[in-house]
Amino acid sequence: MKIRLFAWFLPCALLYAQPVQLFNGKTLDGWSMTGPGRFVIEDGLLKTEGGMGLLFYNGRKIGNETLRVVFKTTGARDNSGVVVRLPEPPPDPWYGVHNGYEVQIDASGDEWHMTGALYSLSRAVKKAQKPANEWNTMDIQFDGAMTRVTLNGEVVNEFDGKGAVPERKMWFEPIRGPRPDFGYIGLQNHDGASKVYFKEISVTPTDKSPVPMTQGERDRLLSYFHSTRKQILDAVDGLSDAQWKFKPAPDKWSVAEVVEHLTHTEPFLFSYANRFVARSLPKPADMKLTTEQLVANMANPATPAKAPPEIRPTGKWQPGMELTNEFRTRRDAMMQWLLTTKEPLTRSWANWGGGTVTVYQAMHTIPAHTERHLKQIEKVKADPNFPKK
């Protein structure tokens with residue numbers, strides 16, 4: 001089997017040595033638009049049209065890296081902005097104002113609203129924007145809660161997200177409060193009169209940047225997902241309707257109920273684990289559980305566990321092909337994500353299994369949970385009253 005992920009074989013230092021381009025000059029692949037107006041591609045450049053809208057990068061969250069935006073305005077009062085530290089993909093453009101920071105682009109604004117200011121939260125200390133129709137380079141460095149803005153080589157803003165900010169006075173000013181260290185970023189198209197061009201949007205990692213899984217780590221996790229997938233499909237292959245529905249006792253689950261439970265549980269665990277991605281980089285002092293211990297605890301049917309109502313079987317899918325296909329579809333979606341994700345699973349920490357583990361470790365509990373219930377299926381099929389056909 002060929003895995004087209006050759007870039008991951010490079011050492012991490014080499015992988016992060018060069019900027020990663022988020023805009024290829026040809027398409028908006030990896031970007032999504034919310035709100036009125038739009039961004040159009042014109043001669044390899046992004047151009048704002050209308051507004052107020054937000055074009056956001058949906059590829060991944062960005063943090064502990066340096067975001068570079070190269071832009072030019074066409075008039076003295078052109079207005080735009082770079083929205084950063086969004087905790088989730090924005091459903092509308094005002095979400096960005098109140099849940100992230102807007103690094104302002106506006107040559108005519110005051111110190112709290114001119115280019116380089118974090119809109120109404122942190123003032124720019126100098127005017128460094130070039131005249132209309134000249135290119136400007138803005139570097140936005142994320143260092144934990146610190147946001148540092150450099151415009152055309154001059155540091156114009158350094159903002160500690162844990163520090164004090166001015167009182168909110170106007171309805172359109174952002175709600176005060178903390179923003180995440182890692183978040184989505186976007187470009188604002190402010191209004192129909194403004195025309196702003198962007199020719200580069202890139203990310204350059206720093207020595208604190210999140211590191212993705214190595215190929216070996218990715219292979220190990222995918223192998224575990226694949227092997228338990230096959231074991232489940234082999235265990236139910238060719239079962240009759242009576243065999244699917246047989247219950248060893250009134251209070252015991254049938255094979256169909258076990259597989260439905262797995263079908264509910266896997267995306268439930270997967271979604272929960274993903275909530276912890278990139279929350280912090282420093283290794284917690286209380287991290288004690290090894291991957292092997294975590295897997296052994298989950299896979300052991302003797303370990304006490306009670307399924308919450310949302311993942312208990314209810315007969316949602318017909319036993320047989322319908323149920324098997326649903327299990328296969330959900331498992332395959334997770335494996336596809338694991339095959340391609342660039343998220344730093346090994347440097348994101350989660351409260352899991354009675355301790356603190358990495359999200360990479362937590363992901364192992366999904367196939368381990370499958371192993372747990374494979375033993376349950378084998379026990380059901382070994383019952384002396386299990387139908388012969």
# chains A, B, ... in the order shown; residues from 1 in each chain; ligands from 1
>>> residues_around(residues="segment 318-327 of chain A", least_positions_apart="3", cutoff="7 Å", atoms="only C-alpha atoms", output="PyMOL selection string")
chain A and resi 241+244+256+260+263+315+330-331
>>> write_last_selection(atoms="C-alpha atoms", output="compact mmCIF listing (two decimals), in the first residue's frame")
# COMPACT_ATOMS: atom_id res chain seq x y z
CA ASP A 241 -30.92 -12.35 11.48
CA TRP A 244 -27.55 -10.94 15.05
CA ALA A 256 -26.40 -6.24 16.91
CA GLU A 260 -24.62 -0.44 17.33
CA THR A 263 -21.15 2.71 15.92
CA GLY A 315 -32.22 -0.33 17.34
CA ARG A 330 -17.93 6.01 10.55
CA ARG A 331 -14.71 4.12 11.15
>>> select_by_dssp(residues="segment 124-303 of chain A", states="alpha helix (DSSP H)", output="PyMOL selection string")
chain A and resi 215-236+241-245+255-274+291-299
>>> write_last_selection(atoms="C-alpha atoms", output="JSON list (two decimals), in the first residue's frame")
[["chain", "number", "residue", "atom", "x", "y", "z"],
["A", 215, "GLN", "CA", 5.06, 8.77, 10.10],
["A", 216, "GLY", "CA", 5.74, 5.99, 12.58],
["A", 217, "GLU", "CA", 3.20, 7.37, 15.05],
["A", 218, "ARG", "CA", 0.64, 7.78, 12.28],
["A", 219, "ASP", "CA", 1.25, 4.23, 11.04],
["A", 220, "ARG", "CA", 0.89, 2.73, 14.50],
["A", 221, "LEU", "CA", -2.46, 4.41, 15.12],
["A", 222, "LEU", "CA", -3.83, 3.64, 11.66],
["A", 223, "SER", "CA", -2.76, 0.00, 11.98],
["A", 224, "TYR", "CA", -4.71, -0.33, 15.23],
["A", 225, "PHE", "CA", -7.80, 1.22, 13.63],
["A", 226, "HIS", "CA", -7.51, -1.05, 10.57],
["A", 227, "SER", "CA", -6.97, -4.28, 12.52],
["A", 228, "THR", "CA", -9.94, -3.80, 14.85],
["A", 229, "ARG", "CA", -12.09, -2.73, 11.91],
["A", 230, "LYS", "CA", -11.36, -6.00, 10.15],
["A", 231, "GLN", "CA", -11.95, -8.03, 13.30],
["A", 232, "ILE", "CA", -15.42, -6.56, 13.76],
["A", 233, "LEU", "CA", -16.37, -7.07, 10.11],
["A", 234, "ASP", "CA", -15.06, -10.66, 10.19],
["A", 235, "ALA", "CA", -16.91, -11.37, 13.44],
["A", 236, "VAL", "CA", -20.31, -10.42, 11.97],
["A", 241, "ASP", "CA", -30.92, -12.35, 11.48],
["A", 242, "ALA", "CA", -31.46, -14.71, 14.41],
["A", 243, "GLN", "CA", -27.76, -14.73, 15.20],
["A", 244, "TRP", "CA", -27.55, -10.94, 15.05],
["A", 245, "LYS", "CA", -30.45, -10.61, 17.51],
["A", 255, "VAL", "CA", -24.28, -8.91, 18.63],
["A", 256, "ALA", "CA", -26.40, -6.24, 16.91],
["A", 257, "GLU", "CA", -26.57, -4.17, 20.08],
["A", 258, "VAL", "CA", -22.82, -4.42, 20.61],
["A", 259, "VAL", "CA", -22.08, -3.26, 17.04],
["A", 260, "GLU", "CA", -24.62, -0.44, 17.33],
["A", 261, "HIS", "CA", -22.99, 0.64, 20.58],
["A", 262, "LEU", "CA", -19.61, 0.77, 18.79],
["A", 263, "THR", "CA", -21.15, 2.71, 15.92],
["A", 264, "HIS", "CA", -22.46, 5.34, 18.34],
["A", 265, "THR", "CA", -19.40, 5.42, 20.59],
["A", 266, "GLU", "CA", -16.56, 5.80, 18.09],
["A", 267, "PRO", "CA", -17.48, 9.26, 16.72],
["A", 268, "PHE", "CA", -18.47, 10.27, 20.27],
["A", 269, "LEU", "CA", -14.96, 9.51, 21.59],
["A", 270, "PHE", "CA", -13.32, 10.90, 18.46],
["A", 271, "SER", "CA", -15.16, 14.22, 18.74],
["A", 272, "TYR", "CA", -14.41, 14.51, 22.44],
["A", 273, "ALA", "CA", -10.69, 13.87, 21.91],
["A", 274, "ASN", "CA", -10.54, 16.47, 19.14],
["A", 291, "THR", "CA", -0.37, 4.35, 25.98],
["A", 292, "GLU", "CA", -0.08, 0.67, 26.88],
["A", 293, "GLN", "CA", -1.80, 1.21, 30.24],
["A", 294, "LEU", "CA", -4.54, 3.29, 28.67],
["A", 295, "VAL", "CA", -5.21, 0.66, 25.99],
["A", 296, "ALA", "CA", -5.11, -2.22, 28.49],
["A", 297, "ASN", "CA", -7.62, -0.50, 30.78],
["A", 298, "MET", "CA", -10.03, 0.20, 27.94],
["A", 299, "ALA", "CA", -9.70, -3.21, 26.23]]
>>> closest_residue(among="A:Pro93, A:Asn152, A:Asn189, A:Thr314", to="Phe172 of chain A", atoms="only C-alpha atoms")
A:Pro93
>>> select_by_dssp(residues="segment 103-281 of chain A", states="strand (DSSP E or B)", output="MDAnalysis selection string")
chainID A and resid 103:106 118 122 136:143 146:151 154:160 183:189 196:205
>>> write_last_selection(atoms="C-alpha atoms", output="CSV table (one decimal), in the first residue's frame")
chain,number,residue,atom,x,y,z
A,103,VAL,CA,-5.5,43.1,13.5
A,104,GLN,CA,-6.7,46.3,11.7
A,105,ILE,CA,-5.9,47.5,8.2
A,106,ASP,CA,-6.9,51.1,8.0
A,118,LEU,CA,-5.8,45.0,17.7
A,122,SER,CA,-4.4,47.2,21.9
A,136,ASN,CA,2.9,46.2,2.9
A,137,THR,CA,4.2,43.2,4.8
A,138,MET,CA,2.5,42.5,8.1
A,139,ASP,CA,3.9,39.7,10.4
A,140,ILE,CA,1.7,38.6,13.2
A,141,GLN,CA,3.6,36.4,15.7
A,142,PHE,CA,1.7,34.2,18.1
A,143,ASP,CA,3.6,33.3,21.3
A,146,MET,CA,1.2,37.2,23.3
A,147,THR,CA,0.4,38.7,19.9
A,148,ARG,CA,3.2,40.8,18.2
A,149,VAL,CA,2.5,42.8,15.1
A,150,THR,CA,5.3,43.9,12.8
A,151,LEU,CA,4.5,46.2,9.9
A,154,GLU,CA,8.8,47.8,12.5
A,155,VAL,CA,7.1,46.4,15.6
A,156,VAL,CA,3.9,48.4,16.0
A,157,ASN,CA,2.0,46.3,18.6
A,158,GLU,CA,2.8,43.9,21.4
A,159,PHE,CA,-0.3,42.6,23.2
A,160,ASP,CA,-0.4,40.2,26.1
A,183,GLY,CA,-7.2,29.5,16.5
A,184,TYR,CA,-8.5,30.0,13.0
A,185,ILE,CA,-7.6,33.0,11.0
A,186,GLY,CA,-9.4,35.1,8.4
A,187,LEU,CA,-9.4,38.1,6.2
A,188,GLN,CA,-12.1,40.8,6.4
A,189,ASN,CA,-13.9,42.4,3.5
A,196,VAL,CA,-7.8,45.8,-0.6
A,197,TYR,CA,-5.5,43.3,-2.3
A,198,PHE,CA,-3.6,40.4,-0.8
A,199,LYS,CA,-0.8,38.6,-2.5
A,200,GLU,CA,0.6,36.4,0.2
A,201,ILE,CA,-0.8,34.7,3.3
A,202,SER,CA,1.7,32.3,4.8
A,203,VAL,CA,2.7,30.7,8.1
A,204,THR,CA,6.2,30.3,9.4
A,205,PRO,CA,6.7,28.0,12.3
>>> closest_residue(among="A:Ser108, A:Arg68, A:Asp43, A:Gly63", to="Gln21 of chain A", atoms="only C-alpha atoms")
A:Arg68
>>> closest_residue(among="A:Trp135, A:Phe246, A:Phe23, A:Trp171", to="Lys72 of chain A", atoms="only C-alpha atoms")
A:Trp135
>>> atom_distance(atom1="atom CA of Asn79 of chain A", atom2="atom CA of Arg176 of chain A")
22.2 Å
>>> residues_around(residues="segment 346-353 of chain A", least_positions_apart="4", cutoff="12 Å", atoms="only C-alpha atoms", output="PyMOL selection string")
chain A and resi 182+208-214+217-218+221+269+272-291+293-298+303+305+342+357-365
>>> write_last_selection(atoms="N, CA and C atoms", output="tab-separated table (two decimals), in the first residue's frame")
chain	number	residue	atom	x	y	z
A	182	PHE	N	-4.41	28.94	20.24
A	182	PHE	CA	-4.48	28.39	18.88
A	182	PHE	C	-5.86	28.67	18.32
A	208	LYS	N	8.61	27.07	18.94
A	208	LYS	CA	7.53	26.62	19.83
A	208	LYS	C	6.33	26.07	19.05
A	209	SER	N	6.49	25.94	17.74
A	209	SER	CA	5.37	25.52	16.91
A	209	SER	C	4.95	24.09	17.23
A	210	PRO	N	3.66	23.81	17.07
A	210	PRO	CA	3.18	22.44	17.29
A	210	PRO	C	3.76	21.50	16.25
A	211	VAL	N	4.10	20.29	16.68
A	211	VAL	CA	4.71	19.30	15.80
A	211	VAL	C	3.68	18.22	15.47
A	212	PRO	N	3.48	17.91	14.20
A	212	PRO	CA	2.53	16.87	13.83
A	212	PRO	C	3.08	15.48	14.16
A	213	MET	N	2.25	14.47	14.01
A	213	MET	CA	2.70	13.10	14.22
A	213	MET	C	3.82	12.75	13.26
A	214	THR	N	4.73	11.91	13.72
A	214	THR	CA	5.71	11.33	12.81
A	214	THR	C	5.01	10.26	11.98
A	217	GLU	N	4.35	7.22	14.15
A	217	GLU	CA	3.20	7.37	15.05
A	217	GLU	C	1.89	7.25	14.28
A	218	ARG	N	1.85	7.86	13.11
A	218	ARG	CA	0.64	7.78	12.28
A	218	ARG	C	0.35	6.33	11.88
A	221	LEU	N	-1.06	4.15	14.81
A	221	LEU	CA	-2.46	4.41	15.12
A	221	LEU	C	-3.37	3.88	14.02
A	269	LEU	N	-16.30	9.41	21.03
A	269	LEU	CA	-14.96	9.51	21.59
A	269	LEU	C	-14.04	10.36	20.72
A	272	TYR	N	-14.83	14.03	21.13
A	272	TYR	CA	-14.41	14.51	22.44
A	272	TYR	C	-12.89	14.71	22.48
A	273	ALA	N	-12.15	13.75	21.93
A	273	ALA	CA	-10.69	13.87	21.91
A	273	ALA	C	-10.24	15.08	21.12
A	274	ASN	N	-10.93	15.35	20.01
A	274	ASN	CA	-10.54	16.47	19.14
A	274	ASN	C	-10.72	17.83	19.81
A	275	ARG	N	-11.56	17.90	20.82
A	275	ARG	CA	-11.76	19.17	21.52
A	275	ARG	C	-10.49	19.64	22.22
A	276	PHE	N	-9.59	18.70	22.49
A	276	PHE	CA	-8.38	19.04	23.24
A	276	PHE	C	-7.20	19.36	22.33
A	277	VAL	N	-7.39	19.26	21.01
A	277	VAL	CA	-6.26	19.45	20.11
A	277	VAL	C	-5.66	20.84	20.28
A	278	ALA	N	-4.35	20.88	20.46
A	278	ALA	CA	-3.57	22.12	20.51
A	278	ALA	C	-3.97	23.06	21.64
A	279	ARG	N	-4.44	22.53	22.74
A	279	ARG	CA	-4.77	23.41	23.86
A	279	ARG	C	-3.51	23.92	24.57
A	280	SER	N	-2.50	23.08	24.64
A	280	SER	CA	-1.27	23.51	25.28
A	280	SER	C	-0.12	22.67	24.77
A	281	LEU	N	1.08	23.22	24.83
A	281	LEU	CA	2.27	22.50	24.38
A	281	LEU	C	3.12	21.95	25.52
A	282	PRO	N	3.32	22.67	26.62
A	282	PRO	CA	4.18	22.12	27.67
A	282	PRO	C	3.64	20.80	28.22
A	283	LYS	N	4.54	19.86	28.45
A	283	LYS	CA	4.13	18.56	28.99
A	283	LYS	C	3.66	18.73	30.44
A	284	PRO	N	2.45	18.29	30.77
A	284	PRO	CA	1.96	18.45	32.14
A	284	PRO	C	2.81	17.64	33.12
A	285	ALA	N	2.95	18.17	34.32
A	285	ALA	CA	3.78	17.50	35.33
A	285	ALA	C	3.15	16.21	35.83
A	286	ASP	N	1.81	16.12	35.75
A	286	ASP	CA	1.13	14.96	36.31
A	286	ASP	C	0.86	13.85	35.30
A	287	MET	N	1.51	13.90	34.13
A	287	MET	CA	1.26	12.89	33.11
A	287	MET	C	1.91	11.57	33.53
A	288	LYS	N	1.09	10.55	33.77
A	288	LYS	CA	1.59	9.27	34.30
A	288	LYS	C	1.18	8.07	33.44
A	289	LEU	N	0.03	8.11	32.81
A	289	LEU	CA	-0.46	6.97	32.06
A	289	LEU	C	0.31	6.77	30.77
A	290	THR	N	0.76	5.55	30.52
A	290	THR	CA	1.37	5.22	29.24
A	290	THR	C	0.28	4.80	28.27
A	291	THR	N	0.61	4.79	26.99
A	291	THR	CA	-0.37	4.35	25.98
A	291	THR	C	-0.78	2.91	26.25
A	293	GLN	N	-0.89	1.28	29.10
A	293	GLN	CA	-1.80	1.21	30.24
A	293	GLN	C	-3.20	1.68	29.85
A	294	LEU	N	-3.25	2.75	29.09
A	294	LEU	CA	-4.54	3.29	28.67
A	294	LEU	C	-5.30	2.27	27.82
A	295	VAL	N	-4.60	1.66	26.87
A	295	VAL	CA	-5.21	0.66	25.99
A	295	VAL	C	-5.65	-0.56	26.79
A	296	ALA	N	-4.79	-1.03	27.69
A	296	ALA	CA	-5.11	-2.22	28.49
A	296	ALA	C	-6.35	-1.99	29.35
A	297	ASN	N	-6.45	-0.81	29.94
A	297	ASN	CA	-7.62	-0.50	30.78
A	297	ASN	C	-8.90	-0.49	29.96
A	298	MET	N	-8.84	0.11	28.78
A	298	MET	CA	-10.03	0.20	27.94
A	298	MET	C	-10.40	-1.15	27.36
A	303	THR	N	-12.84	-4.36	33.40
A	303	THR	CA	-12.82	-3.00	33.93
A	303	THR	C	-14.23	-2.45	33.96
A	305	ALA	N	-17.52	-0.42	33.55
A	305	ALA	CA	-17.91	0.66	32.64
A	305	ALA	C	-19.41	0.59	32.41
A	342	LYS	N	-2.81	17.28	10.04
A	342	LYS	CA	-1.55	17.92	10.44
A	342	LYS	C	-1.62	18.43	11.86
A	357	VAL	N	-3.23	12.74	29.38
A	357	VAL	CA	-2.55	12.05	28.28
A	357	VAL	C	-2.56	12.95	27.06
A	358	THR	N	-1.80	12.58	26.05
A	358	THR	CA	-1.87	13.32	24.80
A	358	THR	C	-3.12	12.89	24.03
A	359	VAL	N	-3.55	13.75	23.12
A	359	VAL	CA	-4.69	13.38	22.27
A	359	VAL	C	-4.34	12.16	21.42
A	360	TYR	N	-3.08	12.05	21.03
A	360	TYR	CA	-2.63	10.85	20.29
A	360	TYR	C	-2.87	9.60	21.12
A	361	GLN	N	-2.53	9.64	22.40
A	361	GLN	CA	-2.81	8.49	23.26
A	361	GLN	C	-4.32	8.24	23.38
A	362	ALA	N	-5.07	9.32	23.56
A	362	ALA	CA	-6.52	9.18	23.72
A	362	ALA	C	-7.15	8.53	22.51
A	363	MET	N	-6.63	8.82	21.31
A	363	MET	CA	-7.18	8.22	20.09
A	363	MET	C	-7.05	6.69	20.11
A	364	HIS	N	-6.05	6.17	20.81
A	364	HIS	CA	-5.88	4.72	20.90
A	364	HIS	C	-7.03	4.04	21.64
A	365	THR	N	-7.75	4.80	22.45
A	365	THR	CA	-8.85	4.17	23.21
A	365	THR	C	-10.03	3.81	22.32
>>> atom_distance(atom1="atom CA of Arg168 of chain A", atom2="atom CA of Val84 of chain A")
19.4 Å
>>> atom_distance(atom1="atom CA of Met335 of chain A", atom2="atom CA of Arg312 of chain A")
23.1 Å
>>> residues_around(residues="Lys379 of chain A", least_positions_apart="2", cutoff="12 Å", atoms="only C-alpha atoms", output="list in words")
Ala235, Phe246, Lys247, Pro248, Lys252, Trp253, Ser254, Val255, Val258, Pro301, Arg372, His373, Leu374, Lys375, Gln376, Ile377, Lys381, Ala382, Asp383, Pro384, Asn385 and Phe386 of chain A
>>> residues_around(residues="Tyr101 of chain A", least_positions_apart="2", cutoff="9 Å", atoms="only C-alpha atoms", output="PyMOL selection string")
chain A and resi 82-86+96-99+103+118-119+121+174+179
>>> residues_around(residues="Gly109 of chain A", least_positions_apart="3", cutoff="12 Å", atoms="only C-alpha atoms", output="PyMOL selection string")
chain A and resi 76-80+104-106+112-120+123-124+126-127+129
>>> closest_atom_pairs(of="segment 73-157 of chain A", to="segment 29-32 of chain A", cutoff="12 Å", atoms="only C-alpha atoms", output="Markdown table")
| residue | atom | partner | partner_atom | distance |
| --- | --- | --- | --- | --- |
| A:Pro89 | CA | A:Ser32 | CA | 9.0 |
| A:Pro90 | CA | A:Ser32 | CA | 9.5 |
| A:Pro91 | CA | A:Ser32 | CA | 10.4 |
| A:Asp92 | CA | A:Ser32 | CA | 11.1 |
| A:Pro93 | CA | A:Ser32 | CA | 11.6 |
>>> write_last_selection(atoms="N, CA and C atoms", output="PDB file, in the first residue's frame")
ATOM      1  N   PRO A  89     -14.499  27.587  13.512  1.00  0.00           N
ATOM      2  CA  PRO A  89     -14.857  28.248  12.253  1.00  0.00           C
ATOM      3  C   PRO A  89     -16.017  29.207  12.471  1.00  0.00           C
ATOM      4  N   PRO A  90     -15.907  30.441  12.006  1.00  0.00           N
ATOM      5  CA  PRO A  90     -16.925  31.456  12.299  1.00  0.00           C
ATOM      6  C   PRO A  90     -18.211  31.241  11.493  1.00  0.00           C
ATOM      7  N   PRO A  91     -19.380  31.305  12.135  1.00  0.00           N
ATOM      8  CA  PRO A  91     -20.645  31.167  11.415  1.00  0.00           C
ATOM      9  C   PRO A  91     -21.077  32.451  10.717  1.00  0.00           C
ATOM     10  N   ASP A  92     -20.498  33.594  11.122  1.00  0.00           N
ATOM     11  CA  ASP A  92     -20.821  34.886  10.530  1.00  0.00           C
ATOM     12  C   ASP A  92     -19.654  35.823  10.814  1.00  0.00           C
ATOM     13  N   PRO A  93     -19.556  36.961  10.105  1.00  0.00           N
ATOM     14  CA  PRO A  93     -18.383  37.829  10.274  1.00  0.00           C
ATOM     15  C   PRO A  93     -18.262  38.483  11.639  1.00  0.00           C
TER      16      PRO A  93
END
>>> closest_residue(among="A:Pro309, A:Leu239, A:Gly75, A:Glu343", to="Pro387 of chain A", atoms="only C-alpha atoms")
A:Leu239
>>> decode(residues="segment 82-118 of chain A", atoms="C-alpha atoms", output="PDB file, in the first residue's frame")
ATOM      1  CA  VAL A  82      -6.793  40.084   9.670  1.00  0.00           C
ATOM      2  CA  VAL A  83      -8.886  38.191  12.217  1.00  0.00           C
ATOM      3  CA  VAL A  84      -6.936  35.778  14.418  1.00  0.00           C
ATOM      4  CA  ARG A  85      -7.341  33.394  17.374  1.00  0.00           C
ATOM      5  CA  LEU A  86     -10.843  32.225  16.465  1.00  0.00           C
ATOM      6  CA  PRO A  87     -11.741  29.201  18.631  1.00  0.00           C
ATOM      7  CA  GLU A  88     -13.866  27.610  15.876  1.00  0.00           C
ATOM      8  CA  PRO A  89     -14.857  28.248  12.253  1.00  0.00           C
ATOM      9  CA  PRO A  90     -16.925  31.456  12.299  1.00  0.00           C
ATOM     10  CA  PRO A  91     -20.645  31.167  11.415  1.00  0.00           C
ATOM     11  CA  ASP A  92     -20.821  34.886  10.530  1.00  0.00           C
ATOM     12  CA  PRO A  93     -18.383  37.829  10.274  1.00  0.00           C
ATOM     13  CA  TRP A  94     -19.293  39.333  13.648  1.00  0.00           C
ATOM     14  CA  TYR A  95     -18.216  36.123  15.365  1.00  0.00           C
ATOM     15  CA  GLY A  96     -14.665  37.065  14.451  1.00  0.00           C
ATOM     16  CA  VAL A  97     -14.954  40.505  16.059  1.00  0.00           C
ATOM     17  CA  HIS A  98     -16.194  39.216  19.412  1.00  0.00           C
ATOM     18  CA  ASN A  99     -14.408  35.879  19.717  1.00  0.00           C
ATOM     19  CA  GLY A 100     -11.040  36.621  18.104  1.00  0.00           C
ATOM     20  CA  TYR A 101      -8.790  39.637  17.586  1.00  0.00           C
ATOM     21  CA  GLU A 102      -8.939  41.843  14.493  1.00  0.00           C
ATOM     22  CA  VAL A 103      -5.528  43.138  13.462  1.00  0.00           C
ATOM     23  CA  GLN A 104      -6.673  46.288  11.743  1.00  0.00           C
ATOM     24  CA  ILE A 105      -5.877  47.458   8.204  1.00  0.00           C
ATOM     25  CA  ASP A 106      -6.889  51.117   8.002  1.00  0.00           C
ATOM     26  CA  ALA A 107      -4.448  53.960   7.288  1.00  0.00           C
ATOM     27  CA  SER A 108      -6.961  56.596   8.422  1.00  0.00           C
ATOM     28  CA  GLY A 109      -7.761  55.235  11.884  1.00  0.00           C
ATOM     29  CA  ASP A 110      -6.553  56.487  15.258  1.00  0.00           C
ATOM     30  CA  GLU A 111      -3.981  54.576  17.296  1.00  0.00           C
ATOM     31  CA  TRP A 112      -6.624  52.095  18.512  1.00  0.00           C
ATOM     32  CA  HIS A 113      -8.002  51.469  15.031  1.00  0.00           C
ATOM     33  CA  MET A 114      -5.194  52.076  12.535  1.00  0.00           C
ATOM     34  CA  THR A 115      -3.164  49.427  10.737  1.00  0.00           C
ATOM     35  CA  GLY A 116      -1.453  47.165  13.236  1.00  0.00           C
ATOM     36  CA  ALA A 117      -3.820  47.869  16.122  1.00  0.00           C
ATOM     37  CA  LEU A 118      -5.795  45.027  17.659  1.00  0.00           C
TER      38      LEU A 118
END
